[in-house]
There are 2 protein chains.
Amino acid sequence: MNRKELFQLIQKKMSFLCVGLDTDINKIPKHLLASDDPVFEFNKQIVDATHLSAVAYKPNLAFYESMGSSGWDSLEKTVNYIRSVTSDIFIMADAKRGDIGNTSAMYARTFFSRYDFDAVTLAPYMGFDTVSPFLEFKGRWSIILALTSNKSAADFQYINDQTNKPLFENVLETAQNWGTTDQIMFVVGATKAELLKNVRKIAPNNFLLVPGIGAQGGSLEEVAKYGMNDHCGLLVNSSRGIIYASAEKDFAAVAQEKAVELQKEMEVYLKSFRLI
Amino acid sequence: MNRKELFQLIQKKMSFLCVGLDTDINKIPKHLLASDDPVFEFNKQIVDATHLSAVAYKPNLAFYESMGSSGWDSLEKTVNYIRSVTSDIFIMADAKRGDIGNTSAMYARTFFSRYDFDAVTLAPYMGFDTVSPFLEFKGRWSIILALTSNKSAADFQYINDQTNKPLFENVLETAQNWGTTDQIMFVVGATKAELLKNVRKIAPNNFLLVPGIGAQGGSLEEVAKYGMNDHCGLLVNSSRGIIYASAEKDFAAVAQEKAVELQKEMEVYLKSFRLI
């Protein structure tokens, strides 16, 4: 999927919502534990309930790895299930990988060939070598960590260089040249909405993956205000606020409500920016 | 294992060699492909052949993930096999993970509880939040990327701050305070041996995991000269130079030769530093 197609998907669904599939066996409704693969069963019902409101899903790999090899089976089944339900979807592996050379090429093959992900999140610390093997896959995206929403992001991301430029701005400037705007996206935390203005000056055309809405306290309105561009340019993630909105048997219905609520709000912003 | 015990292990084996288990199904000897689990079978024979010369093993996770869930089974069997063969060993997951909060806690549990690793490599970009959950596991280590051996390490790691300090030195300074020298290690590439002098000024007591010997061109002599401290303070990794030294049926015997060769050279340096 290229940038234009992703924008068309956003227009069609009037949504730039990403549902984070951070599926924790200890947090899913107890009645699911009787099924053969509770993690997959939970994801399946969440996908059924939310795929009309969301343009993207983002499983965080940590949750699947923590289950050992069976977690990877649940992940694979989830990706395949999403593909079987709809072709109007963008799937991101929130893996935050960052290695080099033949090792990085292995990761790229894993996420783009073995598993059918559209995009992978990557850590920039080791530079271009980390991202380069991922760029060889046409129609697939590398999502580079730039400005994260956690407190200790300040440890390094805010260190100013000799021209007074913080590290995260250096990452944005340098990494946007590693590929086209059809290939490179950035992670920018929603809890730093006012900083989105700076981000948009540096990377006006790149899509941004924005976590931190909801449980982490970010404001969707501010994200839209400061982050939206003429292709929308935003994928806003909500995980806990949707998938764990209810811990009871009605979890999927409640997740649907929450997703629809966010979609409706997004529709307002898309209209006010005259993008739909 | 704490720092003192790791040093005692190094003294006992007269070696600070780590064997990198970057096991690629496409590179292992063809006759192994007939076995039920060729990756594990390869690792098993490598471990049998090298464990007297090595103090550590370091599987790079990318190679196992690329096999899907069966790769994770091979990894688990490998870790368990190493533990069954010897208690005199340190096992590192070269995972380069870097996430935050409950996600990071998931990764910590995965590597330290589900799999019995002594240490995990971590990317510093998101700051202390990435490492904090790992520190809760007593006797386990976080190995922070500081100065890597690849060309594009320069993209960000060499950016000077306003006091003329490169990012990798900021990482060393800040991250060594996240935990004790029984918990925090750093990755420092061997191809930058002269920079090890600076690293040792900033982090005199931390163990360093040094990749880049052999295939990547680093000199063991220079690494020892600039990097050794009074606890040795070095784990030097070789992967391809040992495990793929032969692609024939004699691969394990040749791996043993190469490992012994490196151990003998290390013994010389340990003696010249009067550490044994």
# chains A, B, ... in the order shown; residues from 1 in each chain; ligands from 1

call {"tool": "interface_residues", "arguments": {"of": "chain A", "to": "chain B", "cutoff": "7 Å", "atoms": "only C-alpha atoms", "output": "mmCIF file with N, CA and C atoms, in the first residue's frame"}}
result
data_model
loop_
_atom_site.group_PDB
_atom_site.id
_atom_site.type_symbol
_atom_site.label_atom_id
_atom_site.label_comp_id
_atom_site.auth_asym_id
_atom_site.auth_seq_id
_atom_site.Cartn_x
_atom_site.Cartn_y
_atom_site.Cartn_z
ATOM 1 N N ALA A 62 5.690 -7.745 21.800
ATOM 2 C CA ALA A 62 6.045 -8.180 23.163
ATOM 3 C C ALA A 62 4.981 -9.107 23.738
ATOM 4 N N PHE A 63 3.710 -8.790 23.468
ATOM 5 C CA PHE A 63 2.621 -9.563 24.043
ATOM 6 C C PHE A 63 2.582 -10.980 23.477
ATOM 7 N N GLU A 65 5.332 -12.585 21.960
ATOM 8 C CA GLU A 65 6.574 -13.255 22.354
ATOM 9 C C GLU A 65 6.500 -13.804 23.767
ATOM 10 N N SER A 66 5.768 -13.093 24.626
ATOM 11 C CA SER A 66 5.720 -13.522 26.022
ATOM 12 C C SER A 66 5.022 -14.873 26.176
ATOM 13 N N GLY A 68 5.736 -17.372 24.164
ATOM 14 C CA GLY A 68 6.589 -18.374 23.518
ATOM 15 C C GLY A 68 6.113 -18.655 22.108
ATOM 16 N N SER A 69 6.457 -19.840 21.597
ATOM 17 C CA SER A 69 6.156 -20.117 20.194
ATOM 18 C C SER A 69 4.651 -20.092 19.911
ATOM 19 N N SER A 70 3.840 -20.449 20.896
ATOM 20 C CA SER A 70 2.385 -20.432 20.647
ATOM 21 C C SER A 70 1.894 -19.001 20.432
ATOM 22 N N TRP A 72 3.512 -16.747 18.789
ATOM 23 C CA TRP A 72 3.786 -16.436 17.380
ATOM 24 C C TRP A 72 2.745 -17.078 16.463
ATOM 25 N N ASP A 73 2.256 -18.239 16.873
ATOM 26 C CA ASP A 73 1.161 -18.842 16.111
ATOM 27 C C ASP A 73 -0.096 -17.975 16.205
ATOM 28 N N LYS A 96 9.626 -2.560 17.137
ATOM 29 C CA LYS A 96 10.743 -1.685 17.538
ATOM 30 C C LYS A 96 12.081 -2.386 17.379
ATOM 31 N N ARG A 97 12.237 -3.121 16.279
ATOM 32 C CA ARG A 97 13.478 -3.802 16.023
ATOM 33 C C ARG A 97 14.543 -2.793 15.593
ATOM 34 N N GLY A 98 15.784 -3.190 15.727
ATOM 35 C CA GLY A 98 16.861 -2.324 15.288
ATOM 36 C C GLY A 98 18.156 -3.092 15.277
ATOM 37 N N THR A 103 21.318 -9.438 9.750
ATOM 38 C CA THR A 103 20.350 -9.618 10.828
ATOM 39 C C THR A 103 19.091 -8.798 10.569
ATOM 40 N N MET A 106 17.044 -10.363 7.961
ATOM 41 C CA MET A 106 16.252 -11.456 8.526
ATOM 42 C C MET A 106 14.941 -10.924 9.098
ATOM 43 N N TYR A 107 15.031 -9.839 9.883
ATOM 44 C CA TYR A 107 13.828 -9.242 10.460
ATOM 45 C C TYR A 107 12.874 -8.786 9.353
ATOM 46 N N ARG A 109 12.552 -9.919 6.310
ATOM 47 C CA ARG A 109 11.899 -11.087 5.700
ATOM 48 C C ARG A 109 10.833 -11.658 6.625
ATOM 49 N N THR A 110 11.145 -11.675 7.912
ATOM 50 C CA THR A 110 10.180 -12.217 8.868
ATOM 51 C C THR A 110 8.859 -11.460 8.800
ATOM 52 N N TYR A 125 18.606 3.980 16.514
ATOM 53 C CA TYR A 125 19.915 4.209 17.131
ATOM 54 C C TYR A 125 21.097 3.776 16.254
ATOM 55 N N MET A 126 20.947 2.675 15.524
ATOM 56 C CA MET A 126 22.060 2.174 14.715
ATOM 57 C C MET A 126 22.089 2.770 13.305
ATOM 58 N N GLY A 127 21.175 3.694 13.026
ATOM 59 C CA GLY A 127 21.227 4.421 11.766
ATOM 60 C C GLY A 127 20.626 3.686 10.575
ATOM 61 N N PHE A 128 20.984 4.164 9.394
ATOM 62 C CA PHE A 128 20.394 3.703 8.144
ATOM 63 C C PHE A 128 20.488 2.187 7.949
ATOM 64 N N ASP A 129 21.591 1.596 8.414
ATOM 65 C CA ASP A 129 21.773 0.142 8.221
ATOM 66 C C ASP A 129 20.600 -0.663 8.771
ATOM 67 N N THR A 148 8.974 9.750 21.358
ATOM 68 C CA THR A 148 8.066 8.800 21.998
ATOM 69 C C THR A 148 7.327 9.452 23.167
ATOM 70 N N SER A 152 10.782 9.017 30.044
ATOM 71 C CA SER A 152 12.234 9.005 29.858
ATOM 72 C C SER A 152 12.654 9.176 28.403
ATOM 73 N N ALA A 153 11.710 9.493 27.525
ATOM 74 C CA ALA A 153 12.073 9.906 26.170
ATOM 75 C C ALA A 153 13.087 11.047 26.246
ATOM 76 N N ASP A 155 15.559 11.379 28.153
ATOM 77 C CA ASP A 155 16.944 10.973 28.438
ATOM 78 C C ASP A 155 17.875 11.260 27.262
ATOM 79 N N PHE A 156 17.416 10.916 26.049
ATOM 80 C CA PHE A 156 18.277 11.116 24.877
ATOM 81 C C PHE A 156 17.598 11.903 23.755
ATOM 82 N N GLN A 157 16.301 11.713 23.561
ATOM 83 C CA GLN A 157 15.622 12.312 22.402
ATOM 84 C C GLN A 157 15.631 13.839 22.429
ATOM 85 N N ILE A 159 18.204 15.668 23.689
ATOM 86 C CA ILE A 159 19.566 16.231 23.763
ATOM 87 C C ILE A 159 19.811 17.127 22.550
ATOM 88 N N ASN A 160 20.142 18.370 22.795
ATOM 89 C CA ASN A 160 20.391 19.314 21.707
ATOM 90 C C ASN A 160 21.793 19.150 21.145
ATOM 91 N N ASP A 161 21.879 19.241 19.824
ATOM 92 C CA ASP A 161 23.201 19.221 19.205
ATOM 93 C C ASP A 161 23.768 20.648 19.193
ATOM 94 N N GLN A 162 24.857 20.814 18.496
ATOM 95 C CA GLN A 162 25.550 22.109 18.553
ATOM 96 C C GLN A 162 24.815 23.219 17.803
#

call {"tool": "residues_around", "arguments": {"residues": "stretch 201-213 of chain B", "least_positions_apart": "4", "cutoff": "10 Å", "atoms": "only C-alpha atoms", "output": "count of residues only"}}
result
59

call {"tool": "select_by_dssp", "arguments": {"residues": "stretch 59-154 of chain B", "states": "alpha helix (DSSP H)", "output": "NGL selection string"}}
result
:B and (61-65 or 69-85 or 101-109 or 128-131)

call {"tool": "write_last_selection", "arguments": {"atoms": "N, CA and C atoms", "output": "short mmCIF file (atom, residue, chain, number, x, y, z; two decimals), in the first residue's frame"}}
result
data_model
loop_
_atom_site.label_atom_id
_atom_site.label_comp_id
_atom_site.auth_asym_id
_atom_site.auth_seq_id
_atom_site.Cartn_x
_atom_site.Cartn_y
_atom_site.Cartn_z
N LEU B 61 18.23 -13.07 18.01
CA LEU B 61 16.83 -13.45 17.88
C LEU B 61 16.30 -13.41 16.47
N ALA B 62 16.85 -12.51 15.65
CA ALA B 62 16.36 -12.36 14.27
C ALA B 62 16.38 -13.70 13.54
N PHE B 63 17.42 -14.49 13.79
CA PHE B 63 17.58 -15.75 13.06
C PHE B 63 16.50 -16.75 13.46
N TYR B 64 16.06 -16.69 14.71
CA TYR B 64 15.05 -17.63 15.20
C TYR B 64 13.65 -17.16 14.80
N GLU B 65 13.41 -15.86 14.93
CA GLU B 65 12.12 -15.30 14.53
C GLU B 65 11.83 -15.56 13.06
N SER B 69 7.18 -19.70 14.56
CA SER B 69 7.09 -20.25 15.91
C SER B 69 8.05 -21.41 16.11
N SER B 70 8.36 -22.15 15.05
CA SER B 70 9.29 -23.27 15.23
C SER B 70 10.69 -22.75 15.58
N GLY B 71 11.01 -21.57 15.10
CA GLY B 71 12.30 -20.96 15.46
C GLY B 71 12.39 -20.69 16.95
N TRP B 72 11.27 -20.26 17.54
CA TRP B 72 11.26 -20.02 18.98
C TRP B 72 11.40 -21.31 19.77
N ASP B 73 10.86 -22.40 19.20
CA ASP B 73 11.08 -23.70 19.84
C ASP B 73 12.56 -24.09 19.78
N SER B 74 13.17 -23.84 18.62
CA SER B 74 14.61 -24.15 18.48
C SER B 74 15.43 -23.33 19.47
N LEU B 75 15.03 -22.08 19.65
CA LEU B 75 15.75 -21.20 20.58
C LEU B 75 15.63 -21.73 22.02
N GLU B 76 14.41 -22.06 22.39
CA GLU B 76 14.17 -22.55 23.75
C GLU B 76 14.96 -23.84 24.00
N LYS B 77 14.92 -24.75 23.04
CA LYS B 77 15.68 -26.00 23.18
C LYS B 77 17.18 -25.72 23.29
N THR B 78 17.63 -24.72 22.54
CA THR B 78 19.06 -24.38 22.57
C THR B 78 19.47 -23.87 23.95
N VAL B 79 18.68 -22.95 24.49
CA VAL B 79 19.00 -22.41 25.82
C VAL B 79 18.98 -23.53 26.86
N ASN B 80 17.95 -24.35 26.80
CA ASN B 80 17.86 -25.46 27.77
C ASN B 80 19.00 -26.46 27.60
N TYR B 81 19.38 -26.68 26.36
CA TYR B 81 20.49 -27.61 26.12
C TYR B 81 21.79 -27.07 26.72
N ILE B 82 22.06 -25.80 26.46
CA ILE B 82 23.28 -25.20 27.02
C ILE B 82 23.28 -25.35 28.54
N ARG B 83 22.14 -25.06 29.17
CA ARG B 83 22.06 -25.19 30.63
C ARG B 83 22.30 -26.63 31.09
N SER B 84 21.86 -27.58 30.28
CA SER B 84 22.02 -28.99 30.67
C SER B 84 23.47 -29.46 30.54
N VAL B 85 24.21 -28.82 29.65
CA VAL B 85 25.59 -29.23 29.41
C VAL B 85 26.54 -28.66 30.44
N GLY B 101 7.21 0.63 29.69
CA GLY B 101 6.10 0.28 30.56
C GLY B 101 5.75 -1.19 30.55
N ASN B 102 4.45 -1.48 30.41
CA ASN B 102 4.01 -2.87 30.51
C ASN B 102 4.53 -3.70 29.34
N THR B 103 4.83 -3.06 28.23
CA THR B 103 5.38 -3.77 27.08
C THR B 103 6.80 -4.22 27.36
N SER B 104 7.57 -3.32 27.94
CA SER B 104 8.93 -3.67 28.30
C SER B 104 8.95 -4.76 29.37
N ALA B 105 8.01 -4.68 30.29
CA ALA B 105 7.90 -5.71 31.34
C ALA B 105 7.62 -7.08 30.72
N MET B 106 6.80 -7.08 29.66
CA MET B 106 6.51 -8.33 28.94
C MET B 106 7.80 -8.92 28.37
N TYR B 107 8.59 -8.06 27.73
CA TYR B 107 9.86 -8.53 27.16
C TYR B 107 10.77 -9.09 28.25
N ALA B 108 10.82 -8.37 29.39
CA ALA B 108 11.69 -8.83 30.48
C ALA B 108 11.27 -10.21 30.96
N ARG B 109 9.96 -10.39 31.14
CA ARG B 109 9.48 -11.71 31.58
C ARG B 109 9.78 -12.78 30.54
N PHE B 128 15.37 5.38 30.06
CA PHE B 128 15.33 4.49 31.22
C PHE B 128 14.11 3.58 31.26
N ASP B 129 12.96 4.08 30.78
CA ASP B 129 11.74 3.26 30.83
C ASP B 129 11.91 1.91 30.13
N THR B 130 12.78 1.89 29.13
CA THR B 130 13.04 0.64 28.40
C THR B 130 13.70 -0.40 29.29
N VAL B 131 14.59 0.06 30.14
CA VAL B 131 15.46 -0.84 30.88
C VAL B 131 14.89 -1.20 32.25
#

call {"tool": "select_by_dssp", "arguments": {"residues": "stretch 106-145 of chain A", "states": "strand (DSSP E)", "output": "compact mmCIF listing (two decimals) with C-alpha atoms, in the first residue's frame"}}
result
# COMPACT_ATOMS: atom_id res chain seq x y z
CA ALA A 119 4.81 -1.96 8.20
CA VAL A 120 7.21 -2.46 11.09
CA THR A 121 8.30 -0.04 13.81
CA LEU A 122 12.08 0.37 13.99
CA TRP A 141 6.77 0.69 5.32
CA SER A 142 9.38 1.39 7.95
CA ILE A 143 8.08 3.34 10.92
CA ILE A 144 10.96 5.02 12.71
CA LEU A 145 10.80 5.98 16.39

call {"tool": "residues_around", "arguments": {"residues": "stretch 269-272 of chain A", "least_positions_apart": "2", "cutoff": "8 Å", "atoms": "only C-alpha atoms", "output": "short mmCIF file (atom, residue, chain, number, x, y, z; two decimals) with C-alpha atoms, in the first residue's frame"}}
result
data_model
loop_
_atom_site.label_atom_id
_atom_site.label_comp_id
_atom_site.auth_asym_id
_atom_site.auth_seq_id
_atom_site.Cartn_x
_atom_site.Cartn_y
_atom_site.Cartn_z
CA MET A 14 -13.59 8.46 7.44
CA SER A 15 -11.14 7.30 10.07
CA GLU A 221 -8.18 17.06 18.92
CA ALA A 224 -5.38 16.46 14.53
CA CYS A 232 -4.25 13.22 6.57
CA GLU A 265 -14.52 12.24 16.23
CA MET A 266 -11.94 11.63 13.49
CA GLU A 267 -14.61 12.16 10.84
CA ARG A 274 -11.69 19.32 4.04
CA LEU A 275 -10.07 15.95 3.46
CA ILE A 276 -13.43 14.21 2.98
#

call {"tool": "atom_distance", "arguments": {"atom1": "atom CA of B:Ala54", "atom2": "atom CA of B:Phe134"}}
result
25.0 Å

call {"tool": "residues_around", "arguments": {"residues": "A:Thr23", "least_positions_apart": "5", "cutoff": "9 Å", "atoms": "only C-alpha atoms", "output": "mmCIF file with N, CA and C atoms, in the first residue's frame"}}
result
data_model
loop_
_atom_site.group_PDB
_atom_site.id
_atom_site.type_symbol
_atom_site.label_atom_id
_atom_site.label_comp_id
_atom_site.auth_asym_id
_atom_site.auth_seq_id
_atom_site.Cartn_x
_atom_site.Cartn_y
_atom_site.Cartn_z
ATOM 1 N N ILE A 28 -7.594 -10.522 29.250
ATOM 2 C CA ILE A 28 -8.761 -10.795 28.412
ATOM 3 C C ILE A 28 -9.861 -11.454 29.245
ATOM 4 N N VAL A 39 -5.828 -15.983 22.906
ATOM 5 C CA VAL A 39 -5.316 -14.718 22.363
ATOM 6 C C VAL A 39 -5.887 -14.482 20.968
ATOM 7 N N PHE A 40 -5.857 -15.513 20.145
ATOM 8 C CA PHE A 40 -6.421 -15.372 18.800
ATOM 9 C C PHE A 40 -7.929 -15.158 18.858
ATOM 10 N N PHE A 42 -9.698 -13.765 21.163
ATOM 11 C CA PHE A 42 -9.925 -12.376 21.577
ATOM 12 C C PHE A 42 -9.699 -11.442 20.381
ATOM 13 N N ASN A 43 -8.568 -11.599 19.708
ATOM 14 C CA ASN A 43 -8.259 -10.725 18.569
ATOM 15 C C ASN A 43 -9.318 -10.823 17.477
ATOM 16 N N PRO A 59 -0.495 -5.037 16.289
ATOM 17 C CA PRO A 59 -0.099 -5.924 17.392
ATOM 18 C C PRO A 59 1.277 -5.515 17.910
ATOM 19 N N ASN A 60 1.409 -5.405 19.217
ATOM 20 C CA ASN A 60 2.731 -5.195 19.797
ATOM 21 C C ASN A 60 3.351 -6.562 20.065
ATOM 22 N N PHE A 63 3.710 -8.790 23.468
ATOM 23 C CA PHE A 63 2.621 -9.563 24.043
ATOM 24 C C PHE A 63 2.582 -10.980 23.477
ATOM 25 N N TYR A 64 2.973 -11.134 22.238
ATOM 26 C CA TYR A 64 2.940 -12.446 21.591
ATOM 27 C C TYR A 64 4.188 -13.260 21.966
ATOM 28 N N ILE A 243 -9.606 -2.149 23.454
ATOM 29 C CA ILE A 243 -9.685 -3.613 23.612
ATOM 30 C C ILE A 243 -9.997 -4.057 25.036
#

call {"tool": "closest_residue", "arguments": {"among": "B:Ala253, B:Ala247, B:Val260, B:Ile10", "to": "B:His31", "atoms": "only C-alpha atoms"}}
result
B:Ala247

call {"tool": "atom_distance", "arguments": {"atom1": "atom CA of A:Lys58", "atom2": "atom CA of A:Phe112"}}
result
14.3 Å

call {"tool": "atom_distance", "arguments": {"atom1": "atom CA of A:Phe251", "atom2": "atom CA of A:Ala49"}}
result
9.6 Å
